[in-house]
Every structure is written in C-alpha cells, then in structure tokens.
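*Asks:* Sending over query.tsv (TSV, C-alpha atoms).
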chain	number	residue	atom	x	y	z
A	1	MET	CA	17.02	13.49	-14.75
A	2	ALA	CA	16.80	14.01	-11.02
A	3	VAL	CA	19.24	12.37	-8.66
A	4	ASN	CA	18.32	13.66	-5.24
A	5	VAL	CA	20.54	11.50	-3.10
A	6	TYR	CA	23.52	9.21	-3.69
A	7	PHE	CA	24.33	6.04	-1.79
A	8	GLU	CA	27.57	7.53	-0.49
A	9	ASP	CA	25.75	10.49	1.03
A	10	VAL	CA	23.47	8.40	3.23
A	11	ASN	CA	24.60	7.39	6.70
A	12	MET	CA	23.25	5.16	9.44
A	13	GLY	CA	20.75	7.07	11.55
A	14	ASP	CA	20.01	9.65	8.85
A	15	GLU	CA	16.39	10.65	8.60
A	16	SER	CA	14.40	11.09	5.41
A	17	PRO	CA	12.89	14.55	4.97
A	18	PRO	CA	9.51	14.78	6.75
A	19	TRP	CA	6.57	14.53	4.33
A	20	SER	CA	3.17	15.68	5.57
A	21	ARG	CA	-0.46	15.86	4.57
A	22	GLN	CA	-3.54	17.15	6.35
A	23	THR	CA	-6.11	14.51	5.48
A	24	ASP	CA	-9.81	14.95	5.04
A	25	PHE	CA	-12.46	14.13	2.45
A	26	MET	CA	-10.55	16.09	-0.24
A	27	ASN	CA	-7.69	13.60	-0.07
A	28	TRP	CA	-9.78	10.54	0.69
A	29	ASN	CA	-12.31	11.13	-2.08
A	30	ARG	CA	-9.65	11.70	-4.71
A	31	TYR	CA	-7.86	8.54	-3.67
A	32	ALA	CA	-11.15	6.62	-3.60
A	33	ALA	CA	-11.87	7.85	-7.11
A	34	VAL	CA	-8.64	6.58	-8.67
A	35	ASN	CA	-8.43	3.38	-6.63
A	36	ASP	CA	-12.15	2.62	-6.99
A	37	GLU	CA	-12.22	2.31	-3.20
A	38	PHE	CA	-15.68	3.41	-2.17
A	39	VAL	CA	-16.39	2.08	1.28
A	40	TYR	CA	-18.92	3.79	3.54
A	41	ILE	CA	-16.62	3.88	6.56
A	42	HIS	CA	-14.36	6.21	4.55
A	43	MET	CA	-17.22	8.29	3.16
A	44	ASP	CA	-19.85	8.71	5.84
A	45	ASP	CA	-19.58	9.66	9.51
A	46	GLU	CA	-22.54	7.55	10.58
A	47	SER	CA	-21.00	4.46	9.00
A	48	GLY	CA	-17.70	5.25	10.67
A	49	ARG	CA	-19.41	5.39	14.05
A	50	LYS	CA	-21.20	2.12	13.34
A	51	ALA	CA	-17.74	0.65	12.80
A	52	LEU	CA	-16.92	1.82	16.34
A	53	ASN	CA	-14.94	4.92	15.41
A	54	GLU	CA	-16.61	7.58	17.53
A	55	ALA	CA	-15.24	10.44	15.40
A	56	GLY	CA	-16.99	9.10	12.29
A	57	ALA	CA	-15.50	8.40	8.88
A	58	PHE	CA	-11.82	7.60	8.79
A	59	GLY	CA	-9.06	7.39	6.20
A	60	MET	CA	-8.00	4.41	4.12
A	61	GLY	CA	-5.00	2.43	5.21
A	62	ASN	CA	-3.92	2.17	1.58
A	63	LEU	CA	-3.60	5.94	1.38
A	64	ARG	CA	-1.16	6.01	4.28
A	65	TYR	CA	0.86	3.35	2.47
A	66	THR	CA	0.78	5.57	-0.60
A	67	TYR	CA	2.03	8.49	1.50
A	68	MET	CA	4.94	6.35	2.66
A	69	LEU	CA	5.87	5.56	-0.94
A	70	ASN	CA	5.41	9.19	-1.99
A	71	ALA	CA	7.68	10.40	0.80
A	72	LEU	CA	10.36	7.96	-0.32
A	73	ARG	CA	9.97	8.92	-3.99
A	74	ASP	CA	10.16	12.64	-3.25
A	75	TRP	CA	13.33	12.07	-1.25
A	76	ILE	CA	15.22	9.73	-3.58
A	77	GLY	CA	14.15	11.16	-6.95
A	78	ASP	CA	13.46	9.53	-10.30
A	79	GLU	CA	16.76	7.71	-10.78
A	80	ALA	CA	16.44	5.62	-7.65
A	81	GLU	CA	14.19	2.66	-6.93
A	82	ILE	CA	11.96	1.56	-4.11
A	83	ARG	CA	12.69	-2.16	-3.73
A	84	GLU	CA	10.43	-2.95	-0.81
A	85	CYS	CA	7.99	-1.21	1.48
A	86	GLY	CA	5.72	-2.53	4.18
A	87	LEU	CA	3.75	-1.45	7.21
A	88	GLN	CA	1.30	-2.51	9.87
A	89	TYR	CA	-1.88	-0.56	10.53
A	90	ARG	CA	-1.93	0.19	14.23
A	91	ALA	CA	-4.11	3.30	14.58
A	92	ILE	CA	-6.85	5.08	12.69
A	93	ASN	CA	-6.37	8.11	10.43
A	94	GLN	CA	-9.02	10.54	11.68
A	95	LYS	CA	-10.45	13.39	9.65
A	96	ASN	CA	-8.18	16.47	9.64
A	97	ASP	CA	-5.23	14.55	11.03
A	98	ILE	CA	-1.89	15.92	9.95
A	99	LEU	CA	0.09	12.87	8.97
A	100	THR	CA	3.86	12.94	8.66
A	101	VAL	CA	5.90	10.15	7.10
A	102	THR	CA	9.16	9.52	8.91
A	103	GLY	CA	12.11	7.37	7.88
A	104	LYS	CA	15.40	6.49	9.53
A	105	VAL	CA	18.32	4.66	7.94
A	106	THR	CA	19.08	1.39	9.73
A	107	LYS	CA	21.45	-0.34	7.31
A	108	LYS	CA	23.40	0.13	4.08
A	109	GLU	CA	24.39	-2.82	1.96
A	110	VAL	CA	25.43	-3.66	-1.58
A	111	VAL	CA	23.26	-6.58	-2.75
A	112	ASP	CA	23.80	-8.09	-6.20
A	113	GLY	CA	25.61	-4.92	-7.24
A	114	GLU	CA	22.74	-2.73	-6.07
A	115	ASN	CA	23.28	-0.04	-3.44
A	116	ARG	CA	20.55	-0.71	-0.94
A	117	VAL	CA	19.52	1.41	2.01
A	118	PHE	CA	17.20	0.00	4.67
A	119	LEU	CA	14.89	2.28	6.59
A	120	GLU	CA	12.57	2.12	9.55
A	121	MET	CA	9.40	3.95	8.53
A	122	ASN	CA	6.27	5.29	10.16
A	123	VAL	CA	3.34	7.62	9.63
A	124	VAL	CA	2.91	9.84	12.68
A	125	ASN	CA	-0.10	12.01	13.44
A	126	GLN	CA	-0.13	15.56	14.84
A	127	LYS	CA	-0.13	14.22	18.40
A	128	GLY	CA	3.07	12.33	17.70
A	129	ASP	CA	1.29	8.99	17.72
A	130	PRO	CA	2.83	6.44	15.36
A	131	THR	CA	-0.01	5.02	13.25
A	132	CYS	CA	1.71	2.50	11.03
A	133	PRO	CA	5.22	1.28	11.75
A	134	GLY	CA	6.93	-0.14	8.72
A	135	HIS	CA	10.11	-0.47	6.76
A	136	ALA	CA	11.48	0.23	3.32
A	137	VAL	CA	14.40	-0.78	1.14
A	138	ILE	CA	15.57	1.64	-1.52
A	139	ALA	CA	18.24	1.31	-4.21
A	140	LEU	CA	20.29	4.47	-4.76
A	141	PRO	CA	22.67	5.52	-7.52
A	142	SER	CA	26.37	5.73	-6.68
A	143	ARG	CA	28.66	8.66	-7.34
A	144	GLY	CA	31.11	6.10	-8.69
A	145	LYS	CA	28.82	4.96	-11.52
B	28	MET	CA	-22.97	-17.50	15.70
B	29	THR	CA	-23.58	-15.52	18.86
B	30	SER	CA	-21.03	-13.85	21.06
B	31	GLU	CA	-21.80	-16.44	23.73
B	32	GLN	CA	-20.62	-19.35	21.59
B	33	LYS	CA	-16.98	-20.18	22.08
B	34	LEU	CA	-15.03	-20.84	18.90
B	35	GLU	CA	-12.24	-23.38	18.97
B	36	THR	CA	-10.70	-22.29	15.69
B	37	LEU	CA	-11.32	-19.77	12.93
B	38	VAL	CA	-9.51	-21.95	10.39
B	39	THR	CA	-11.98	-23.50	7.96
B	40	PRO	CA	-11.69	-26.63	5.79
B	41	GLU	CA	-11.93	-24.28	2.79
B	42	MET	CA	-8.81	-22.48	3.96
B	43	GLU	CA	-6.95	-25.77	4.35
B	44	ALA	CA	-7.91	-26.71	0.78
B	45	ARG	CA	-6.87	-23.34	-0.65
B	46	LYS	CA	-3.53	-23.06	1.13
B	47	GLY	CA	-0.72	-22.47	-1.36
B	48	VAL	CA	-2.96	-22.79	-4.41
B	49	TRP	CA	-2.68	-19.93	-6.90
B	50	GLU	CA	-6.12	-18.61	-7.84
B	51	ASN	CA	-8.07	-15.52	-8.76
B	52	VAL	CA	-6.13	-14.85	-11.98
B	53	ARG	CA	-7.01	-11.43	-13.35
B	54	VAL	CA	-5.74	-9.52	-16.37
B	55	SER	CA	-5.78	-5.73	-16.32
B	56	PRO	CA	-6.75	-3.50	-19.21
B	57	PRO	CA	-3.73	-1.80	-20.84
B	58	ILE	CA	-2.41	0.96	-18.61
B	59	ALA	CA	-3.14	4.41	-20.03
B	60	GLU	CA	-0.97	7.49	-19.48
B	61	SER	CA	-4.06	9.27	-18.28
B	62	ASP	CA	-4.60	6.65	-15.56
B	63	LEU	CA	-1.12	7.40	-14.22
B	64	ARG	CA	-1.60	11.17	-14.33
B	65	LYS	CA	-4.84	10.93	-12.38
B	66	TRP	CA	-3.34	8.51	-9.87
B	67	GLY	CA	-0.41	10.85	-9.31
B	68	ILE	CA	-2.61	13.90	-8.84
B	69	ALA	CA	-4.90	12.10	-6.40
B	70	SER	CA	-2.22	10.49	-4.31
B	71	TYR	CA	0.01	13.58	-4.10
B	72	TRP	CA	-2.89	15.98	-3.56
B	73	PRO	CA	-2.60	18.95	-3.12
B	74	ASP	CA	0.99	18.92	-4.46
B	75	THR	CA	2.04	18.28	-8.05
B	76	PRO	CA	3.15	14.68	-8.58
B	77	PRO	CA	6.67	13.88	-9.88
B	78	ARG	CA	7.01	14.52	-13.62
B	79	VAL	CA	8.21	10.99	-14.34
B	80	PHE	CA	4.63	9.84	-13.74
B	81	TRP	CA	2.98	12.18	-16.27
B	82	ASP	CA	5.39	14.20	-18.45
B	83	ALA	CA	6.52	12.07	-21.43
B	84	GLU	CA	9.16	14.54	-22.63
B	85	TYR	CA	10.72	14.81	-19.20
B	86	ALA	CA	10.50	11.08	-18.60
B	87	LYS	CA	12.46	10.36	-21.82
B	88	GLY	CA	15.51	11.89	-20.17
B	89	THR	CA	15.37	9.70	-17.10
B	90	ARG	CA	16.91	6.25	-16.73
B	91	TRP	CA	13.47	4.84	-17.49
B	92	GLY	CA	13.27	6.38	-20.95
B	93	GLY	CA	9.57	7.12	-20.53
B	94	ILE	CA	6.72	7.50	-18.13
B	95	ILE	CA	6.51	4.97	-15.31
B	96	ALA	CA	3.73	4.29	-12.83
B	97	PRO	CA	3.82	5.17	-9.15
B	98	ASN	CA	4.74	2.04	-7.18
B	99	ASP	CA	1.26	1.82	-5.67
B	100	PHE	CA	-0.64	2.25	-8.96
B	101	ASN	CA	-3.52	-0.20	-9.24
B	102	PRO	CA	-4.28	-1.20	-12.87
B	103	PHE	CA	-7.17	-3.37	-11.67
B	104	ALA	CA	-9.29	-0.47	-10.41
B	105	TRP	CA	-12.62	0.06	-12.14
B	106	PRO	CA	-13.35	-3.41	-13.59
B	107	ILE	CA	-16.53	-3.91	-15.57
B	108	ASP	CA	-17.33	-7.16	-13.79
B	109	ARG	CA	-17.17	-7.04	-10.03
B	110	PRO	CA	-18.61	-8.99	-7.12
B	111	ARG	CA	-21.58	-7.21	-5.63
B	112	THR	CA	-21.64	-6.55	-1.91
B	113	ALA	CA	-24.74	-5.61	0.02
B	114	GLY	CA	-24.97	-1.85	-0.07
B	115	GLY	CA	-21.25	-1.53	-0.55
B	116	ALA	CA	-20.63	-3.00	2.88
B	117	PRO	CA	-16.99	-3.93	3.30
B	118	GLN	CA	-16.18	-7.55	3.79
B	119	GLY	CA	-14.93	-8.56	7.19
B	120	MET	CA	-17.01	-6.06	9.12
B	121	GLY	CA	-19.29	-8.47	10.94
B	122	SER	CA	-20.11	-8.02	14.58
B	123	THR	CA	-19.85	-11.54	15.96
B	124	PRO	CA	-16.77	-13.55	16.89
B	125	GLY	CA	-14.95	-14.84	13.86
B	126	THR	CA	-16.68	-12.45	11.47
B	127	ARG	CA	-14.96	-9.26	12.59
B	128	GLY	CA	-11.94	-8.29	10.61
B	129	MET	CA	-9.38	-5.66	9.81
B	130	ASN	CA	-6.49	-4.98	7.50
B	131	GLY	CA	-3.28	-5.80	9.33
B	132	GLY	CA	-0.90	-4.36	6.77
B	133	GLN	CA	1.24	-5.40	3.86
B	134	VAL	CA	4.75	-5.79	2.52
B	135	GLU	CA	5.47	-5.25	-1.16
B	136	THR	CA	8.63	-6.07	-3.07
B	137	PHE	CA	8.98	-4.35	-6.41
B	138	GLY	CA	10.44	-5.60	-9.67
B	139	VAL	CA	10.24	-3.71	-12.95
B	140	PRO	CA	8.06	-0.59	-13.02
B	141	MET	CA	4.67	-0.53	-14.74
B	142	ARG	CA	4.49	1.63	-17.86
B	143	PRO	CA	1.77	2.93	-20.18
B	144	GLY	CA	0.57	0.11	-22.42
B	145	ASP	CA	1.47	-2.63	-19.95
B	146	VAL	CA	-1.05	-5.38	-19.32
B	147	ILE	CA	-0.70	-6.80	-15.83
B	148	THR	CA	-1.68	-10.30	-14.79
B	149	SER	CA	-2.41	-10.92	-11.14
B	150	ARG	CA	-2.74	-14.12	-9.16
B	151	THR	CA	-3.14	-14.72	-5.45
B	152	ARG	CA	-2.80	-17.53	-2.98
B	153	LEU	CA	-3.44	-18.05	0.67
B	154	LYS	CA	0.10	-18.37	1.93
B	155	GLU	CA	-0.15	-19.21	5.59
B	156	TRP	CA	-1.89	-18.34	8.83
B	157	ASN	CA	-1.30	-18.07	12.51
B	158	GLU	CA	-4.00	-18.37	15.14
B	159	ARG	CA	-3.64	-17.25	18.72
B	160	THR	CA	-5.54	-15.64	21.55
B	161	THR	CA	-5.08	-11.89	21.75
B	162	ARG	CA	-6.86	-9.12	23.65
B	163	LEU	CA	-9.50	-9.40	20.91
B	164	GLY	CA	-10.10	-13.05	21.75
B	165	LEU	CA	-9.35	-15.88	19.37
B	166	THR	CA	-7.61	-14.15	16.46
B	167	LEU	CA	-6.57	-15.44	13.07
B	168	PHE	CA	-3.77	-13.74	11.13
B	169	THR	CA	-3.76	-14.80	7.50
B	170	GLU	CA	-1.09	-13.99	4.92
B	171	THR	CA	-2.20	-13.69	1.31
B	172	GLU	CA	0.38	-13.46	-1.45
B	173	MET	CA	-0.42	-11.54	-4.62
B	174	GLU	CA	1.91	-11.53	-7.61
B	175	TRP	CA	1.76	-9.15	-10.55
B	176	ARG	CA	3.58	-9.78	-13.84
B	177	ASN	CA	3.63	-7.71	-17.00
B	178	GLN	CA	3.09	-8.93	-20.58
B	179	LYS	CA	6.79	-9.92	-20.77
B	180	ASP	CA	6.29	-12.15	-17.72
B	181	GLU	CA	8.50	-9.83	-15.67
B	182	VAL	CA	7.58	-9.54	-11.99
B	183	VAL	CA	6.16	-6.12	-11.22
B	184	LYS	CA	5.52	-6.72	-7.58
B	185	VAL	CA	4.74	-9.26	-4.91
B	186	ARG	CA	2.48	-8.25	-2.06
B	187	ILE	CA	2.05	-10.12	1.19
B	188	SER	CA	-1.09	-8.86	2.92
B	189	THR	CA	-2.00	-9.65	6.50
B	190	GLY	CA	-5.68	-10.04	7.27
B	191	ILE	CA	-6.90	-10.16	10.86
B	192	ARG	CA	-10.11	-11.94	11.83
B	193	TYR	CA	-11.44	-12.24	15.36
Represent the structure of the file as structure tokens.

*Replies:*
Amino acid sequence: MAVNVYFEDVNMGDESPPWSRQTDFMNWNRYAAVNDEFVYIHMDDESGRKALNEAGAFGMGNLRYTYMLNALRDWIGDEAEIRECGLQYRAINQKNDILTVTGKVTKKEVVDGENRVFLEMNVVNQKGDPTCPGHAVIALPSRGK
Amino acid sequence: MTSEQKLETLVTPEMEARKGVWENVRVSPPIAESDLRKWGIASYWPDTPPRVFWDAEYAKGTRWGGIIAPNDFNPFAWPIDRPRTAGGAPQGMGSTPGTRGMNGGQVETFGVPMRPGDVITSRTRLKEWNERTTRLGLTLFTETEMEWRNQKDEVVKVRISTGIRY
C-alpha cells in the first residue's frame, strides 16, 4: 500500500512534482503499439512535413494526456484516485522534445465525503512553452480516516 | 470544394440528425493482465510502471484488492474488424476548407477502475457544436461524448472530446 500524499498535506498553490520525458520514436512507437495508433504523421518525417510540420513526424496528443495522468499517479500513489483530467492541444510535440508535466493546486474541497483537490495542469517543453493546458481533480486519503 | 468557395456553415444535416443520439456501441474483449502490463511499460517508458498495474501480489494489499488498469488504458485497441482508411491516412486531414481537422482535446471523468477480466461497453453521441470564425476561417468545434461501462453496468469513464474542423 502506497499513500504518497494526504489531503491535509496539500495546500493551495502547491505544485505537483515535475514529471519529464524526452520523447522520440522509442516512446511514440511503444505507445502506438499498445494503443494500436499507427498514423503516418507520427511515424514518418515526410508525412509529418506533408501535414505542415516542417520538423517532420510529431508525437501523439494522447501520449501527452497519458503523461499527465502518469505524473498525477506517480505523485498521489495507489490509494488515491484521479477523478477527472482534461486538456487542450495547443502546440506540437516535436521529436526529442523534453516534456515536463506541471500541476498547481487551485482548490481543495470535500465533495460527497471525498477529499478532492483541483489542479491546473500543463505539459511544458524544454523551451518553457506550454503545449497543452488542462486541469485535473484528484481524490486523496485523509489522515483522519 | 476549392479554397475559393466560401462556406456558410460546416454543420451538415447528418450532424443535426445525429445530435444527442447514442450510437457506435462496441464491446471490448475481456481485459487481460498482460494487456495492462504492456500498456504500463509503454506509457511509462523508460521507467517501470506502478506495481498496482502489473504485480498481483502487491496489488492485493492495496485498497483495490487486485490489479487495476491505468486510467488511460484502451480495451478497444486491436479489434479484428476495423474500418479501412486509404493507406492509413488519418481522418480529418484534408486540405480544403471544411475538410481540415485537428484534435482539440478532451476531458475525462472517471468512475470505477477497469480490472483484468472486465468487459467494457462503449457508446458515443454527438453532444453539441459551436461554429465561429477564427484565424483559421470558418471553424466548427464539435463535442463528442463517449461513455464506458463495465459488465456490472458501472460507469468506468465519460470522455468529452473536442474536434476542430475548418
């Protein structure tokens, strides 16, 4: 059993631990393999350029969403729950980008007896550019229970 | 359609007819532990995924009492029957007005976790849309709702996806 963080220990403005990946075909191909997501723009530079991305092939949006969920899971541990997560795709994930998931606590609330923490989320590249602003709601265990 | 032709709307009669109607019911094969292990390895690469996704002995000691799936696990991957696309070309990648598209994003709310052995039923509906002129020209934002339930009829997740067509 792994409780990484309790509701009482989280405060407004707290940031989730940064979670990073350098992304290239190693990551994209593995994700494509399990998600059955074989699309030429994610596999082939020429196809990427045809889709107007000068640098060639680019990463899947779904994988950045996965990274957001993974960052949350690694932070909160097995005993907590992710209630909601969402994002908007605003920029492309280029090959060899170093992506970092960021999260900041914006609200704490007990809803239907569940200790919920609301976060503003993003996936930022190595230049500091936010690529997909989003949000998450997590449910944390309490020290009192 | 050529780029010279001016479109008045990207909303089609087919969209009007489909609005709010649940469709595209799919039933997944039973989820296998091995599916979850592979998903975890791929999505956490190059790190080791959390044990609750692949280690049955460890998972017994958690609040879940057994292995659970990562929130983003897709039990519908690798179907036998699938619509064929020309050369694997993605849909929505046309080059003329109204045929160009992109994935705008999604919001998912999660219910009970998926577990090995679960059979998931999915259904989708066109929820709503919003059309306006953007820097891309006439642009249509559509929201599609997808609901997944397990074999006990418990909600696993609801996804609202935003598609952008321009």

*Asks:* Could you pull the residues within 10 Å of Thr66 in chain A, counting only C-alpha atoms, minus those fewer than 6 positions along the same chain, as an mmCIF file with C-alpha atoms, in the frame of the given file?

*Replies:*
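What ended up in selection-v3.cif:
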data_model
loop_
_atom_site.group_PDB
_atom_site.id
_atom_site.type_symbol
_atom_site.label_atom_id
_atom_site.label_comp_id
_atom_site.auth_asym_id
_atom_site.auth_seq_id
_atom_site.Cartn_x
_atom_site.Cartn_y
_atom_site.Cartn_z
ATOM 1 C CA TYR A 31 -7.860 8.540 -3.670
ATOM 2 C CA LEU A 72 10.360 7.960 -0.320
ATOM 3 C CA SER B 70 -2.220 10.490 -4.310
ATOM 4 C CA TYR B 71 0.010 13.580 -4.100
ATOM 5 C CA PRO B 97 3.820 5.170 -9.150
ATOM 6 C CA ASN B 98 4.740 2.040 -7.180
ATOM 7 C CA ASP B 99 1.260 1.820 -5.670
ATOM 8 C CA PHE B 100 -0.640 2.250 -8.960
#

*Asks:* Would you give me, as JSON, numbers by chain, the residues of chain A that come within 10 Å of chain B, using all atoms listed in the file?

*Replies:* {"A": [1, 2, 3, 21, 22, 23, 26, 27, 28, 29, 30, 31, 32, 33, 34, 35, 36, 37, 38, 39, 40, 41, 47, 51, 61, 62, 63, 64, 65, 66, 67, 69, 70, 71, 73, 74, 77, 78, 79, 80, 81, 82, 83, 84, 85, 86, 87, 88, 89, 90, 132, 133, 134, 135, 136, 137]}

*Asks:* Calculated over all atoms listed in the file, which of the candidates B:Pro40, B:Gly47, B:Gly125, B:Gly144 has the smallest distance to Glu170 in chain B?

*Replies:* B:Gly47

*Asks:* Just the number, please: distance in Å from CA of Lys127 in chain A to CA of Gly13 in chain A, one decimal.

*Replies:*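 Rounded to one decimal, the two atoms are 23.1 Å apart.
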
*Asks:* Could you check how far CA of Thr171 in chain B sits from CA of Leu119 in chain A, in Å to one decimal?

*Replies:* 24.0 Å

*Asks:* Asp45 in chain A: which residues within 10 Å, counting all atoms listed in the file, same-chain residues fewer than 5 positions away excluded, as JSON, numbers by chain?

*Replies:* {"A": [40, 50, 51, 53, 54, 55, 56, 57, 58, 95]}

*Asks:* Edge lengths and centre in Å to one decimal, as JSON, is what I'm after for the box along x, y and z that holds all listed atoms of range 175-183 of chain B once 3 Å is added on each side.

*Replies:*
{"center_x": 5.1, "center_y": -9.1, "center_z": -15.7, "size_x": 12.7, "size_y": 12.0, "size_z": 16.2}

*Asks:* One decimal, Å: what's the distance from CA of Leu153 in chain B over to CA of Lys179 in chain B, could you say?

*Replies:* 25.1 Å
